[in-house]
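The next block is final24.txt, given as compact mmCIF, C-alpha atoms.
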# COMPACT_ATOMS: atom_id res chain seq x y z
CA MET A 1 0.00 0.00 0.00
CA ASN A 2 1.81 3.06 -1.29
CA GLU A 3 0.32 5.54 1.18
CA LEU A 4 1.71 3.62 4.17
CA GLN A 5 5.09 2.92 2.54
CA GLU A 6 5.55 6.59 1.69
CA ARG A 7 4.65 7.59 5.23
CA ILE A 8 7.18 5.13 6.67
CA LEU A 9 9.88 6.57 4.41
CA ARG A 10 8.93 10.13 5.37
CA ASP A 11 8.20 9.84 9.12
CA GLY A 12 9.43 6.42 10.25
CA LYS A 13 12.74 6.29 12.12
CA ASN A 14 15.18 3.45 11.64
CA LEU A 15 16.70 3.24 15.14
CA GLY A 16 19.05 0.41 14.21
CA GLY A 17 18.99 -3.19 15.40
CA GLY A 18 15.85 -3.76 13.32
CA ILE A 19 13.79 -1.29 15.39
CA LEU A 20 11.44 0.88 13.35
CA LYS A 21 9.93 3.83 15.19
CA VAL A 22 6.51 4.76 13.82
CA ASP A 23 5.33 6.61 16.95
CA SER A 24 4.24 9.67 14.99
CA PHE A 25 1.51 7.91 12.97
CA VAL A 26 0.92 4.35 14.29
CA ASN A 27 2.02 3.99 17.92
CA HIS A 28 1.59 6.74 20.52
CA GLN A 29 0.37 9.30 17.97
CA VAL A 30 -2.01 7.89 15.38
CA ASP A 31 -2.89 9.43 12.01
CA PRO A 32 -6.59 8.54 11.97
CA LEU A 33 -7.13 9.08 8.24
CA LEU A 34 -4.15 6.89 7.32
CA MET A 35 -5.38 4.28 9.83
CA ASP A 36 -8.85 4.45 8.32
CA ALA A 37 -7.37 3.93 4.84
CA CYS A 38 -5.41 0.91 6.12
CA GLY A 39 -8.60 -0.53 7.66
CA ARG A 40 -10.42 -0.09 4.37
CA GLU A 41 -7.60 -1.87 2.54
CA PHE A 42 -7.60 -4.81 4.98
CA ALA A 43 -11.40 -5.04 4.65
CA ARG A 44 -11.01 -5.18 0.86
CA ARG A 45 -8.32 -7.86 0.95
CA PHE A 46 -10.17 -10.06 3.46
CA ALA A 47 -13.73 -9.38 2.27
CA SER A 48 -14.31 -12.87 0.90
CA LEU A 49 -13.24 -14.83 4.00
CA GLY A 50 -16.56 -14.68 5.87
CA ALA A 51 -14.85 -13.59 9.09
CA THR A 52 -17.18 -13.16 12.10
CA LYS A 53 -14.74 -11.38 14.42
CA VAL A 54 -11.56 -9.31 14.36
CA LEU A 55 -8.98 -10.16 17.02
CA THR A 56 -5.96 -8.12 18.07
CA ALA A 57 -3.71 -7.50 21.07
CA GLU A 58 -3.67 -4.33 23.13
CA ILE A 59 -2.20 -1.75 22.77
CA SER A 60 -0.91 -0.87 19.32
CA GLY A 61 -3.10 -3.35 17.51
CA ILE A 62 -6.31 -1.60 18.56
CA ALA A 63 -6.24 1.24 16.03
CA PRO A 64 -5.78 -0.83 12.82
CA ALA A 65 -8.08 -3.59 14.11
CA LEU A 66 -10.82 -1.07 14.91
CA THR A 67 -10.74 0.63 11.51
CA THR A 68 -10.72 -2.79 9.79
CA ALA A 69 -13.70 -3.83 11.91
CA ILE A 70 -15.55 -0.62 11.01
CA HIS A 71 -15.16 -1.36 7.31
CA LEU A 72 -16.10 -5.03 7.70
CA GLY A 73 -18.95 -4.30 10.14
CA LEU A 74 -17.63 -6.90 12.59
CA PRO A 75 -16.99 -6.79 16.35
CA VAL A 76 -13.36 -6.51 17.40
CA VAL A 77 -11.85 -8.12 20.49
CA TYR A 78 -8.51 -7.00 21.89
CA ALA A 79 -6.62 -9.47 24.05
CA ARG A 80 -5.74 -7.87 27.39
CA LYS A 81 -2.25 -8.05 28.90
CA THR A 82 -3.56 -7.73 32.45
CA LYS A 83 -6.86 -9.18 33.65
CA PRO A 84 -9.36 -6.43 34.52
CA ILE A 85 -11.70 -6.88 37.48
CA THR A 86 -14.67 -7.13 35.14
CA MET A 87 -13.36 -10.34 33.56
CA PRO A 88 -14.58 -13.75 34.76
CA ASP A 89 -12.19 -16.05 36.68
CA GLN A 90 -12.03 -18.56 33.85
CA VAL A 91 -10.27 -17.09 30.80
CA TYR A 92 -8.23 -18.04 27.77
CA LEU A 93 -4.63 -17.10 28.53
CA THR A 94 -1.37 -17.62 26.73
CA LEU A 95 2.15 -16.22 26.94
CA ALA A 96 4.00 -14.49 24.15
CA PRO A 97 7.41 -12.83 24.10
CA SER A 98 7.23 -9.05 23.89
CA HIS A 99 9.65 -7.53 21.45
CA THR A 100 9.62 -4.09 23.03
CA LYS A 101 9.47 -5.22 26.67
CA GLY A 102 12.11 -7.93 26.48
CA ARG A 103 10.02 -10.38 28.52
CA MET A 104 7.00 -12.68 28.27
CA VAL A 105 3.60 -11.00 28.46
CA GLU A 106 0.19 -12.54 29.01
CA LEU A 107 -2.50 -12.39 26.35
CA ILE A 108 -5.95 -12.88 27.87
CA VAL A 109 -9.37 -13.18 26.23
CA SER A 110 -12.66 -13.74 28.01
CA PRO A 111 -14.64 -16.78 26.81
CA GLU A 112 -17.64 -14.42 26.71
CA TYR A 113 -16.37 -12.82 23.50
CA LEU A 114 -14.65 -15.63 21.66
CA ALA A 115 -17.26 -18.27 21.14
CA ASN A 116 -17.02 -21.68 19.55
CA ASN A 117 -17.02 -21.67 15.74
CA GLU A 118 -16.10 -18.03 15.21
CA LYS A 119 -14.13 -17.25 12.04
CA VAL A 120 -11.37 -14.98 13.31
CA LEU A 121 -9.40 -12.37 11.37
CA ILE A 122 -6.24 -11.33 13.28
CA ILE A 123 -5.03 -7.75 12.73
CA ASP A 124 -1.92 -6.23 14.33
CA ASP A 125 0.42 -3.32 13.76
CA PHE A 126 3.59 -5.35 13.17
CA LEU A 127 4.39 -8.78 11.84
CA ALA A 128 7.95 -9.36 13.06
CA SER A 129 8.80 -12.74 14.63
CA GLY A 130 5.10 -13.66 14.50
CA GLN A 131 5.03 -14.68 18.18
CA THR A 132 2.24 -12.29 19.27
CA ILE A 133 0.08 -13.39 16.36
CA LEU A 134 0.79 -17.05 17.13
CA GLY A 135 -0.32 -16.31 20.71
CA LEU A 136 -3.58 -14.83 19.44
CA ALA A 137 -4.05 -17.87 17.22
CA ARG A 138 -3.64 -20.17 20.25
CA LEU A 139 -6.34 -18.20 22.12
CA ALA A 140 -8.68 -18.49 19.16
CA GLU A 141 -8.02 -22.19 18.80
CA ALA A 142 -8.55 -22.76 22.54
CA SER A 143 -12.02 -21.28 22.13
CA GLY A 144 -12.87 -23.57 19.24
CA SER A 145 -12.64 -20.73 16.72
CA LYS A 146 -10.90 -20.90 13.37
CA ILE A 147 -8.33 -18.37 12.13
CA VAL A 148 -9.25 -17.32 8.60
CA GLY A 149 -6.74 -14.53 7.92
CA ILE A 150 -3.89 -12.45 9.33
CA GLY A 151 -3.18 -8.81 8.54
CA ALA A 152 -0.35 -6.55 9.70
CA LEU A 153 0.33 -2.94 8.82
CA ILE A 154 4.07 -3.47 8.63
CA GLU A 155 5.97 -6.70 8.06
CA LYS A 156 9.63 -6.97 8.92
CA VAL A 157 10.29 -9.76 6.46
CA PHE A 158 13.82 -10.34 7.79
CA GLU A 159 12.46 -11.49 11.17
CA GLY A 160 10.80 -14.55 9.65
CA GLY A 161 7.26 -14.15 11.02
CA ARG A 162 5.56 -15.34 7.84
CA GLU A 163 7.49 -18.59 8.05
CA ALA A 164 6.51 -19.01 11.73
CA LEU A 165 2.82 -18.60 10.80
CA LYS A 166 2.97 -21.02 7.87
CA SER A 167 1.44 -23.90 9.83
CA LEU A 168 -1.77 -21.87 10.29
CA ASP A 169 -2.25 -22.13 6.51
CA VAL A 170 -4.23 -18.88 6.09
CA GLN A 171 -4.05 -15.75 3.92
CA ILE A 172 -1.45 -13.33 5.33
CA GLU A 173 -1.44 -9.69 4.21
CA ALA A 174 0.96 -6.90 5.13
CA LEU A 175 0.45 -3.38 3.82
CA ALA A 176 4.17 -2.53 3.90
CA CYS A 177 6.78 -5.30 3.65
CA ILE A 178 10.24 -4.25 4.77
CA VAL A 179 12.98 -6.56 3.51
CA SER A 180 15.94 -4.69 4.91
CA MET A 181 16.74 -1.98 7.46
CA GLU A 182 20.51 -2.19 7.15
CA ASP A 183 22.80 0.86 6.96
CA GLY A 184 20.01 3.17 8.13
CA LYS A 185 17.94 2.50 5.00
CA ILE A 186 14.40 1.11 4.79
CA VAL A 187 13.88 -1.15 1.77
CA PHE A 188 10.46 -2.49 0.78
CA SER A 189 9.78 -5.62 -1.25
CA GLU A 190 8.39 -5.65 -4.84
CA MET B 1 -27.10 9.81 23.08
CA ASN B 2 -29.91 7.27 22.93
CA GLU B 3 -28.04 4.59 21.01
CA LEU B 4 -25.37 4.32 23.72
CA GLN B 5 -27.83 4.50 26.61
CA GLU B 6 -29.95 1.74 25.12
CA ARG B 7 -26.89 -0.42 24.60
CA ILE B 8 -25.82 0.10 28.22
CA LEU B 9 -29.29 -0.94 29.42
CA ARG B 10 -29.27 -3.99 27.14
CA ASP B 11 -25.68 -5.25 27.42
CA GLY B 12 -24.06 -3.38 30.33
CA LYS B 13 -23.67 -5.25 33.60
CA ASN B 14 -24.08 -3.50 36.93
CA LEU B 15 -21.59 -5.47 39.04
CA GLY B 16 -22.37 -3.51 42.22
CA GLY B 17 -20.12 -1.07 44.08
CA GLY B 18 -20.51 1.40 41.20
CA ILE B 19 -18.77 -0.89 38.72
CA LEU B 20 -20.33 -0.96 35.26
CA LYS B 21 -19.13 -3.73 32.96
CA VAL B 22 -19.29 -2.72 29.30
CA ASP B 23 -16.76 -5.30 28.09
CA SER B 24 -19.03 -6.53 25.31
CA PHE B 25 -19.13 -3.25 23.36
CA VAL B 26 -16.59 -0.72 24.79
CA ASN B 27 -13.76 -2.49 26.64
CA HIS B 28 -12.27 -5.83 25.52
CA GLN B 29 -14.85 -6.33 22.77
CA VAL B 30 -15.69 -3.17 20.84
CA ASP B 31 -18.76 -2.58 18.67
CA PRO B 32 -17.07 -0.59 15.89
CA LEU B 33 -20.24 0.87 14.41
CA LEU B 34 -21.45 2.11 17.80
CA MET B 35 -17.96 3.50 18.48
CA ASP B 36 -17.97 5.21 15.10
CA ALA B 37 -21.35 6.77 15.89
CA CYS B 38 -20.01 7.99 19.26
CA GLY B 39 -16.98 9.50 17.53
CA ARG B 40 -19.24 11.28 15.05
CA GLU B 41 -21.33 12.66 17.92
CA PHE B 42 -18.23 13.94 19.80
CA ALA B 43 -17.00 15.53 16.57
CA ARG B 44 -20.36 17.28 16.18
CA ARG B 45 -20.42 18.55 19.77
CA PHE B 46 -16.81 19.79 19.71
CA ALA B 47 -16.69 20.96 16.10
CA SER B 48 -16.49 24.67 16.94
CA LEU B 49 -13.58 24.47 19.42
CA GLY B 50 -10.77 24.58 16.87
CA ALA B 51 -8.98 21.63 18.50
CA THR B 52 -5.66 20.65 16.93
CA LYS B 53 -5.18 17.30 18.68
CA VAL B 54 -7.16 14.57 20.44
CA LEU B 55 -5.56 13.18 23.61
CA THR B 56 -6.53 10.01 25.47
CA ALA B 57 -5.02 7.36 27.74
CA GLU B 58 -4.33 3.80 26.75
CA ILE B 59 -6.07 1.35 26.71
CA SER B 60 -9.83 1.81 26.71
CA GLY B 61 -9.71 5.44 25.59
CA ILE B 62 -8.12 4.56 22.24
CA ALA B 63 -11.28 3.39 20.44
CA PRO B 64 -13.53 6.43 21.14
CA ALA B 65 -10.62 8.85 20.72
CA LEU B 66 -9.70 7.32 17.36
CA THR B 67 -13.22 7.48 15.93
CA THR B 68 -13.58 11.08 17.18
CA ALA B 69 -10.25 11.93 15.54
CA ILE B 70 -11.36 10.33 12.26
CA HIS B 71 -14.46 12.54 12.17
CA LEU B 72 -12.53 15.68 13.16
CA GLY B 73 -9.59 14.89 10.87
CA LEU B 74 -7.13 15.43 13.74
CA PRO B 75 -4.17 13.38 15.00
CA VAL B 76 -4.76 11.46 18.22
CA VAL B 77 -2.16 10.84 20.92
CA TYR B 78 -2.62 8.17 23.54
CA ALA B 79 -0.69 8.54 26.77
CA ARG B 80 1.31 5.39 27.47
CA LYS B 81 1.34 3.69 30.87
CA THR B 82 4.78 2.19 30.32
CA LYS B 83 7.55 3.91 28.43
CA PRO B 84 8.37 2.10 25.16
CA ILE B 85 11.98 1.85 23.99
CA THR B 86 11.21 4.12 21.06
CA MET B 87 10.40 7.06 23.36
CA PRO B 88 13.03 9.71 24.16
CA ASP B 89 14.52 9.91 27.67
CA GLN B 90 12.87 13.22 28.40
CA VAL B 91 9.08 12.87 28.59
CA TYR B 92 5.98 14.40 30.16
CA LEU B 93 4.97 12.05 32.98
CA THR B 94 2.32 12.24 35.66
CA LEU B 95 0.67 9.83 38.07
CA ALA B 96 -3.03 9.09 38.28
CA PRO B 97 -4.93 6.59 40.43
CA SER B 98 -6.30 3.65 38.45
CA HIS B 99 -9.86 2.75 39.33
CA THR B 100 -9.64 -0.79 38.05
CA LYS B 101 -6.08 -1.51 39.17
CA GLY B 102 -6.34 -0.06 42.68
CA ARG B 103 -2.96 1.67 42.43
CA MET B 104 -1.28 4.69 40.86
CA VAL B 105 -0.34 4.36 37.19
CA GLU B 106 1.97 6.51 35.09
CA LEU B 107 0.69 8.51 32.16
CA ILE B 108 3.49 9.35 29.73
CA VAL B 109 3.49 11.49 26.59
CA SER B 110 6.47 12.21 24.40
CA PRO B 111 7.21 15.92 23.85
CA GLU B 112 7.52 15.02 20.15
CA TYR B 113 3.74 14.78 19.83
CA LEU B 114 2.42 17.39 22.25
CA ALA B 115 3.85 20.68 21.14
CA ASN B 116 3.53 24.12 22.61
CA ASN B 117 0.25 25.88 21.79
CA GLU B 118 -1.78 22.83 20.79
CA LYS B 119 -5.52 23.01 21.45
CA VAL B 120 -6.25 19.65 23.03
CA LEU B 121 -9.54 17.76 23.10
CA ILE B 122 -9.46 14.97 25.72
CA ILE B 123 -11.59 11.88 24.98
CA ASP B 124 -11.93 8.87 27.29
CA ASP B 125 -14.30 5.96 27.83
CA PHE B 126 -15.36 6.84 31.39
CA LEU B 127 -15.67 10.03 33.40
CA ALA B 128 -15.83 8.75 36.98
CA SER B 129 -13.66 10.50 39.60
CA GLY B 130 -12.04 12.54 36.82
CA GLN B 131 -8.51 11.70 38.00
CA THR B 132 -7.28 10.15 34.73
CA ILE B 133 -8.59 13.13 32.78
CA LEU B 134 -6.96 15.53 35.25
CA GLY B 135 -3.71 13.64 34.70
CA LEU B 136 -4.04 14.07 30.93
CA ALA B 137 -4.76 17.77 31.48
CA ARG B 138 -1.55 18.10 33.54
CA LEU B 139 0.45 16.52 30.70
CA ALA B 140 -1.10 18.92 28.19
CA GLU B 141 -0.42 21.90 30.42
CA ALA B 142 3.18 20.81 31.01
CA SER B 143 3.68 20.92 27.24
CA GLY B 144 2.27 24.43 27.00
CA SER B 145 -0.92 23.20 25.34
CA LYS B 146 -4.41 24.31 26.22
CA ILE B 147 -7.31 21.97 26.99
CA VAL B 148 -10.34 23.05 24.97
CA GLY B 149 -12.83 20.26 25.68
CA ILE B 150 -13.41 16.95 27.45
CA GLY B 151 -15.58 14.10 26.21
CA ALA B 152 -16.43 10.76 27.82
CA LEU B 153 -18.63 7.99 26.54
CA ILE B 154 -20.08 7.26 29.97
CA GLU B 155 -20.21 9.55 33.00
CA LYS B 156 -20.82 8.15 36.46
CA VAL B 157 -22.26 11.37 37.82
CA PHE B 158 -22.29 10.07 41.40
CA GLU B 159 -18.47 9.87 41.44
CA GLY B 160 -18.12 13.63 41.12
CA GLY B 161 -15.71 13.85 38.21
CA ARG B 162 -17.39 16.87 36.62
CA GLU B 163 -16.88 18.80 39.86
CA ALA B 164 -13.20 17.76 39.96
CA LEU B 165 -12.72 19.07 36.40
CA LYS B 166 -14.48 22.38 37.05
CA SER B 167 -11.26 24.33 37.50
CA LEU B 168 -10.29 23.52 33.89
CA ASP B 169 -13.25 25.64 32.80
CA VAL B 170 -13.93 23.84 29.50
CA GLN B 171 -16.88 22.21 27.74
CA ILE B 172 -17.49 18.70 29.13
CA GLU B 173 -19.67 16.25 27.22
CA ALA B 174 -20.73 12.74 28.17
CA LEU B 175 -22.83 10.63 25.82
CA ALA B 176 -24.49 8.67 28.64
CA CYS B 177 -24.79 10.18 32.13
CA ILE B 178 -25.53 7.65 34.85
CA VAL B 179 -26.88 9.23 38.02
CA SER B 180 -27.46 6.04 40.00
CA MET B 181 -26.46 2.39 39.95
CA GLU B 182 -28.15 1.45 43.22
CA ASP B 183 -30.19 -1.71 43.72
CA GLY B 184 -28.86 -3.24 40.49
CA LYS B 185 -30.54 -0.57 38.37
CA ILE B 186 -28.90 1.86 35.93
CA VAL B 187 -30.54 5.30 35.92
CA PHE B 188 -29.62 8.00 33.37
CA SER B 189 -30.02 11.74 33.81
CA GLU B 190 -32.48 13.98 31.86

As C-alpha cells:
Amino acid sequence: MNELQERILRDGKNLGGGILKVDSFVNHQVDPLLMDACGREFARRFASLGATKVLTAEISGIAPALTTAIHLGLPVVYARKTKPITMPDQVYLTLAPSHTKGRMVELIVSPEYLANNEKVLIIDDFLASGQTILGLARLAEASGSKIVGIGALIEKVFEGGREALKSLDVQIEALACIVSMEDGKIVFSE
Amino acid sequence: MNELQERILRDGKNLGGGILKVDSFVNHQVDPLLMDACGREFARRFASLGATKVLTAEISGIAPALTTAIHLGLPVVYARKTKPITMPDQVYLTLAPSHTKGRMVELIVSPEYLANNEKVLIIDDFLASGQTILGLARLAEASGSKIVGIGALIEKVFEGGREALKSLDVQIEALACIVSMEDGKIVFSE
C-alpha cells in the first residue's frame, strides 16, 4: 500500500537493530485518516473470507483492528495483557514474548467474547517474529474458533514471522513489507 | 445519546459497588459501528472548538478517541502507561490513580507529539472521579498546550468527576450520564 510505505519513508525512524519507530503515525500518535485507509484496505483484501470477528492484542493493535472492523462491520476483540476486574475467573490465557518489553507477556481473552465456531481475522500493527500473532491464534483455537486470515500494517520480512505462521495455513497480508533496514535505510519488497 | 444509553441498558452489567461492565461493546470487545457513531457525535459537539489534537489514555480510551479523531480529521495521541523503547529519555509524565487496578499508574506522553500551543480535546471511555482526565490535562499543560474540551462515553455522575474538572473551565460532554447504579438498576439523567 503506497500511502503507508511513503509515510514510513517520510516519518518512520530506523533506530538500528531492526527497530522501526513509527510513533508519529501508528504507535503513541495515530494518524486517523491513514489508519482508516489501512482498515479499508484490509477489509477489501479479506472481504471474501466470511470472518465473524476481528482479534488483536492491546495496545498498538487496537487502532488498525478497529478501523478494519468498522469497514467489515464486525466486532473486534482485543486481548488484554492484564486481567481487569470485570473479567470472569475462567479465561483463555497464553504467553508471548514481547519484542519491546524484552520479557514474556500474558494475552488474555474472556470466553464471553470468543465463542465456539467463530471465524477470526487477526489484525496487528507489526508482523515481526510472529510470536504475538501465534499467541492470538492459540487463544482463538482454545475457544474452538478458526483463524481465517492475518493482517499486519508493517511486516519486517527479515524477522521470519511469515514462516513461523505457515502452519496456520491462512491468507497473510501486510500493507508494507520491509525486507531490509541495514545501513540506516528502509527497503520495501516488490 | 440514545443509542449508547440503550446499549448500556441492554448489554451493560451492573456489578455492584458502582462498577459498570461494558466489556461486550466498549472495553475488551468493541462494537465498531457504535464506536464510530459515538466519535461522530463527539465531533459534532466539539466541532467549533478549533482543537488541533485529540488526547486520550491507553487502553480503553483509544477506540472512542480514534473514531472522534477520524471525524474531526485530527491526529490522536494516547498517553502510554509504560515507556516504550522508542520514546526519548525526556518525557511528560504524571501519576493518576487507576480505578480498576487499585494503584497509581503513570501517564506518559512524548514531547515530540504534544507541542507548545496545541488546542487539546481529551476523549476517554469513562468520566468517573475525573482523575485520569486531570492527569491528561496536567500533561497537556506541562507541554504548553491548552485543553479546549473533554468528552467521555459514559459519565458516572455520582463519582463527582465533573466537579473535579471544574477548574479547567472547559466544555465537558458525556454521551451517557448515569446518576445512580443502586439496587442493580442503571438510571440516566435527563

For chain A, which residues have at least one atom within 8 Å of chain B, if we go by only C-alpha atoms? Write them as JSON, numbers by chain, please. {"A": [21, 23, 24, 28, 29, 30, 31, 32, 33, 36, 58, 59, 62, 63, 66, 67, 69, 70, 73, 74, 75, 76, 77, 78, 79, 80, 84, 85, 86, 100, 101, 109, 113]}

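Closest approach to Leu4 of chain B from the set B:Ile178, B:Asn117, B:Gly135, B:Glu106 is made by B:Ile178, with distances taken over only C-alpha atoms.
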
Where does chain B end up after superposition onto chain A over all in-order Cα pairs? Give it as a short mmCIF file (atom, residue, chain, number, x, y, z; two decimals) with C-alpha atoms, keeping the file's coordinate frame.
data_model
loop_
_atom_site.label_atom_id
_atom_site.label_comp_id
_atom_site.auth_asym_id
_atom_site.auth_seq_id
_atom_site.Cartn_x
_atom_site.Cartn_y
_atom_site.Cartn_z
CA MET B 1 0.02 -0.01 -0.03
CA ASN B 2 1.82 3.07 -1.29
CA GLU B 3 0.33 5.55 1.17
CA LEU B 4 1.72 3.62 4.15
CA GLN B 5 5.10 2.94 2.55
CA GLU B 6 5.56 6.60 1.70
CA ARG B 7 4.64 7.60 5.23
CA ILE B 8 7.17 5.13 6.66
CA LEU B 9 9.89 6.58 4.41
CA ARG B 10 8.93 10.13 5.38
CA ASP B 11 8.20 9.84 9.11
CA GLY B 12 9.46 6.42 10.24
CA LYS B 13 12.74 6.30 12.12
CA ASN B 14 15.18 3.44 11.64
CA LEU B 15 16.68 3.25 15.14
CA GLY B 16 19.07 0.42 14.21
CA GLY B 17 18.99 -3.20 15.40
CA GLY B 18 15.84 -3.75 13.31
CA ILE B 19 13.80 -1.29 15.36
CA LEU B 20 11.45 0.90 13.34
CA LYS B 21 9.92 3.84 15.18
CA VAL B 22 6.50 4.77 13.82
CA ASP B 23 5.34 6.61 16.94
CA SER B 24 4.24 9.67 14.99
CA PHE B 25 1.51 7.92 12.97
CA VAL B 26 0.91 4.34 14.27
CA ASN B 27 2.00 3.99 17.91
CA HIS B 28 1.57 6.75 20.52
CA GLN B 29 0.37 9.30 17.96
CA VAL B 30 -2.02 7.89 15.37
CA ASP B 31 -2.89 9.44 12.00
CA PRO B 32 -6.60 8.54 11.95
CA LEU B 33 -7.13 9.09 8.24
CA LEU B 34 -4.16 6.89 7.32
CA MET B 35 -5.38 4.27 9.82
CA ASP B 36 -8.85 4.45 8.31
CA ALA B 37 -7.38 3.93 4.84
CA CYS B 38 -5.41 0.91 6.12
CA GLY B 39 -8.57 -0.53 7.67
CA ARG B 40 -10.42 -0.08 4.38
CA GLU B 41 -7.60 -1.86 2.53
CA PHE B 42 -7.61 -4.81 4.99
CA ALA B 43 -11.39 -5.02 4.64
CA ARG B 44 -11.01 -5.16 0.86
CA ARG B 45 -8.32 -7.85 0.96
CA PHE B 46 -10.18 -10.04 3.47
CA ALA B 47 -13.72 -9.36 2.28
CA SER B 48 -14.31 -12.86 0.90
CA LEU B 49 -13.24 -14.81 4.01
CA GLY B 50 -16.55 -14.65 5.84
CA ALA B 51 -14.87 -13.58 9.10
CA THR B 52 -17.18 -13.15 12.08
CA LYS B 53 -14.75 -11.38 14.42
CA VAL B 54 -11.56 -9.30 14.35
CA LEU B 55 -8.99 -10.17 17.04
CA THR B 56 -5.96 -8.12 18.06
CA ALA B 57 -3.71 -7.50 21.07
CA GLU B 58 -3.65 -4.35 23.12
CA ILE B 59 -2.20 -1.75 22.75
CA SER B 60 -0.89 -0.88 19.31
CA GLY B 61 -3.11 -3.37 17.48
CA ILE B 62 -6.31 -1.61 18.57
CA ALA B 63 -6.25 1.23 16.02
CA PRO B 64 -5.78 -0.84 12.81
CA ALA B 65 -8.08 -3.59 14.10
CA LEU B 66 -10.81 -1.08 14.91
CA THR B 67 -10.73 0.63 11.51
CA THR B 68 -10.72 -2.79 9.78
CA ALA B 69 -13.70 -3.83 11.91
CA ILE B 70 -15.56 -0.62 11.02
CA HIS B 71 -15.17 -1.36 7.31
CA LEU B 72 -16.11 -5.04 7.71
CA GLY B 73 -18.95 -4.30 10.13
CA LEU B 74 -17.62 -6.89 12.59
CA PRO B 75 -17.00 -6.78 16.35
CA VAL B 76 -13.36 -6.51 17.41
CA VAL B 77 -11.84 -8.13 20.49
CA TYR B 78 -8.52 -7.01 21.89
CA ALA B 79 -6.62 -9.46 24.04
CA ARG B 80 -5.74 -7.86 27.38
CA LYS B 81 -2.27 -8.06 28.90
CA THR B 82 -3.57 -7.72 32.44
CA LYS B 83 -6.84 -9.17 33.63
CA PRO B 84 -9.37 -6.43 34.50
CA ILE B 85 -11.69 -6.88 37.48
CA THR B 86 -14.67 -7.12 35.15
CA MET B 87 -13.35 -10.33 33.56
CA PRO B 88 -14.56 -13.75 34.76
CA ASP B 89 -12.19 -16.05 36.67
CA GLN B 90 -12.02 -18.56 33.86
CA VAL B 91 -10.27 -17.10 30.81
CA TYR B 92 -8.23 -18.06 27.75
CA LEU B 93 -4.63 -17.11 28.56
CA THR B 94 -1.37 -17.63 26.75
CA LEU B 95 2.15 -16.23 26.95
CA ALA B 96 4.01 -14.50 24.16
CA PRO B 97 7.42 -12.82 24.14
CA SER B 98 7.23 -9.03 23.92
CA HIS B 99 9.66 -7.52 21.46
CA THR B 100 9.65 -4.09 23.03
CA LYS B 101 9.47 -5.21 26.66
CA GLY B 102 12.11 -7.95 26.49
CA ARG B 103 10.01 -10.37 28.54
CA MET B 104 7.01 -12.67 28.25
CA VAL B 105 3.60 -11.00 28.45
CA GLU B 106 0.18 -12.55 29.00
CA LEU B 107 -2.51 -12.40 26.36
CA ILE B 108 -5.96 -12.89 27.87
CA VAL B 109 -9.37 -13.18 26.23
CA SER B 110 -12.65 -13.74 28.00
CA PRO B 111 -14.64 -16.77 26.79
CA GLU B 112 -17.64 -14.41 26.71
CA TYR B 113 -16.37 -12.81 23.51
CA LEU B 114 -14.65 -15.64 21.66
CA ALA B 115 -17.25 -18.29 21.12
CA ASN B 116 -17.00 -21.69 19.55
CA ASN B 117 -17.02 -21.67 15.74
CA GLU B 118 -16.08 -18.03 15.21
CA LYS B 119 -14.13 -17.24 12.04
CA VAL B 120 -11.37 -14.98 13.31
CA LEU B 121 -9.41 -12.37 11.37
CA ILE B 122 -6.26 -11.33 13.29
CA ILE B 123 -5.04 -7.74 12.74
CA ASP B 124 -1.93 -6.24 14.33
CA ASP B 125 0.42 -3.32 13.76
CA PHE B 126 3.60 -5.35 13.18
CA LEU B 127 4.39 -8.80 11.84
CA ALA B 128 7.96 -9.36 13.04
CA SER B 129 8.79 -12.74 14.63
CA GLY B 130 5.09 -13.65 14.50
CA GLN B 131 5.02 -14.69 18.17
CA THR B 132 2.25 -12.30 19.27
CA ILE B 133 0.09 -13.40 16.35
CA LEU B 134 0.78 -17.06 17.15
CA GLY B 135 -0.32 -16.33 20.71
CA LEU B 136 -3.58 -14.82 19.45
CA ALA B 137 -4.06 -17.87 17.22
CA ARG B 138 -3.64 -20.17 20.25
CA LEU B 139 -6.33 -18.21 22.12
CA ALA B 140 -8.68 -18.49 19.15
CA GLU B 141 -8.02 -22.20 18.81
CA ALA B 142 -8.54 -22.78 22.53
CA SER B 143 -12.02 -21.28 22.13
CA GLY B 144 -12.84 -23.58 19.23
CA SER B 145 -12.63 -20.74 16.72
CA LYS B 146 -10.89 -20.90 13.38
CA ILE B 147 -8.32 -18.37 12.14
CA VAL B 148 -9.25 -17.31 8.61
CA GLY B 149 -6.75 -14.53 7.91
CA ILE B 150 -3.90 -12.45 9.32
CA GLY B 151 -3.18 -8.81 8.53
CA ALA B 152 -0.35 -6.54 9.69
CA LEU B 153 0.32 -2.94 8.82
CA ILE B 154 4.07 -3.46 8.63
CA GLU B 155 5.97 -6.71 8.07
CA LYS B 156 9.64 -6.97 8.92
CA VAL B 157 10.30 -9.77 6.46
CA PHE B 158 13.82 -10.36 7.78
CA GLU B 159 12.44 -11.48 11.17
CA GLY B 160 10.78 -14.53 9.65
CA GLY B 161 7.28 -14.16 11.02
CA ARG B 162 5.56 -15.34 7.84
CA GLU B 163 7.50 -18.60 8.05
CA ALA B 164 6.51 -19.01 11.72
CA LEU B 165 2.83 -18.59 10.78
CA LYS B 166 2.97 -21.02 7.86
CA SER B 167 1.46 -23.90 9.82
CA LEU B 168 -1.75 -21.87 10.28
CA ASP B 169 -2.25 -22.12 6.52
CA VAL B 170 -4.22 -18.88 6.09
CA GLN B 171 -4.05 -15.74 3.95
CA ILE B 172 -1.45 -13.31 5.35
CA GLU B 173 -1.44 -9.69 4.22
CA ALA B 174 0.95 -6.90 5.14
CA LEU B 175 0.45 -3.38 3.83
CA ALA B 176 4.17 -2.53 3.90
CA CYS B 177 6.78 -5.30 3.66
CA ILE B 178 10.25 -4.25 4.77
CA VAL B 179 12.97 -6.57 3.53
CA SER B 180 15.96 -4.69 4.93
CA MET B 181 16.74 -2.00 7.48
CA GLU B 182 20.52 -2.20 7.14
CA ASP B 183 22.79 0.84 6.96
CA GLY B 184 20.01 3.16 8.15
CA LYS B 185 17.95 2.51 5.02
CA ILE B 186 14.41 1.12 4.79
CA VAL B 187 13.89 -1.16 1.78
CA PHE B 188 10.44 -2.49 0.78
CA SER B 189 9.73 -5.63 -1.22
CA GLU B 190 8.27 -5.74 -4.78
#

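Pairwise distance (atom CA of Thr132 of chain B, atom CA of Gly16 of chain B) equals 21.7 Å.
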
Restricted to C-alpha atoms, what does segment 175-179 of chain A look like when written out as a CSV table (one decimal), in the first residue's frame?
chain,number,residue,atom,x,y,z
A,175,LEU,CA,0.5,-3.4,3.8
A,176,ALA,CA,4.2,-2.5,3.9
A,177,CYS,CA,6.8,-5.3,3.7
A,178,ILE,CA,10.2,-4.3,4.8
A,179,VAL,CA,13.0,-6.6,3.5
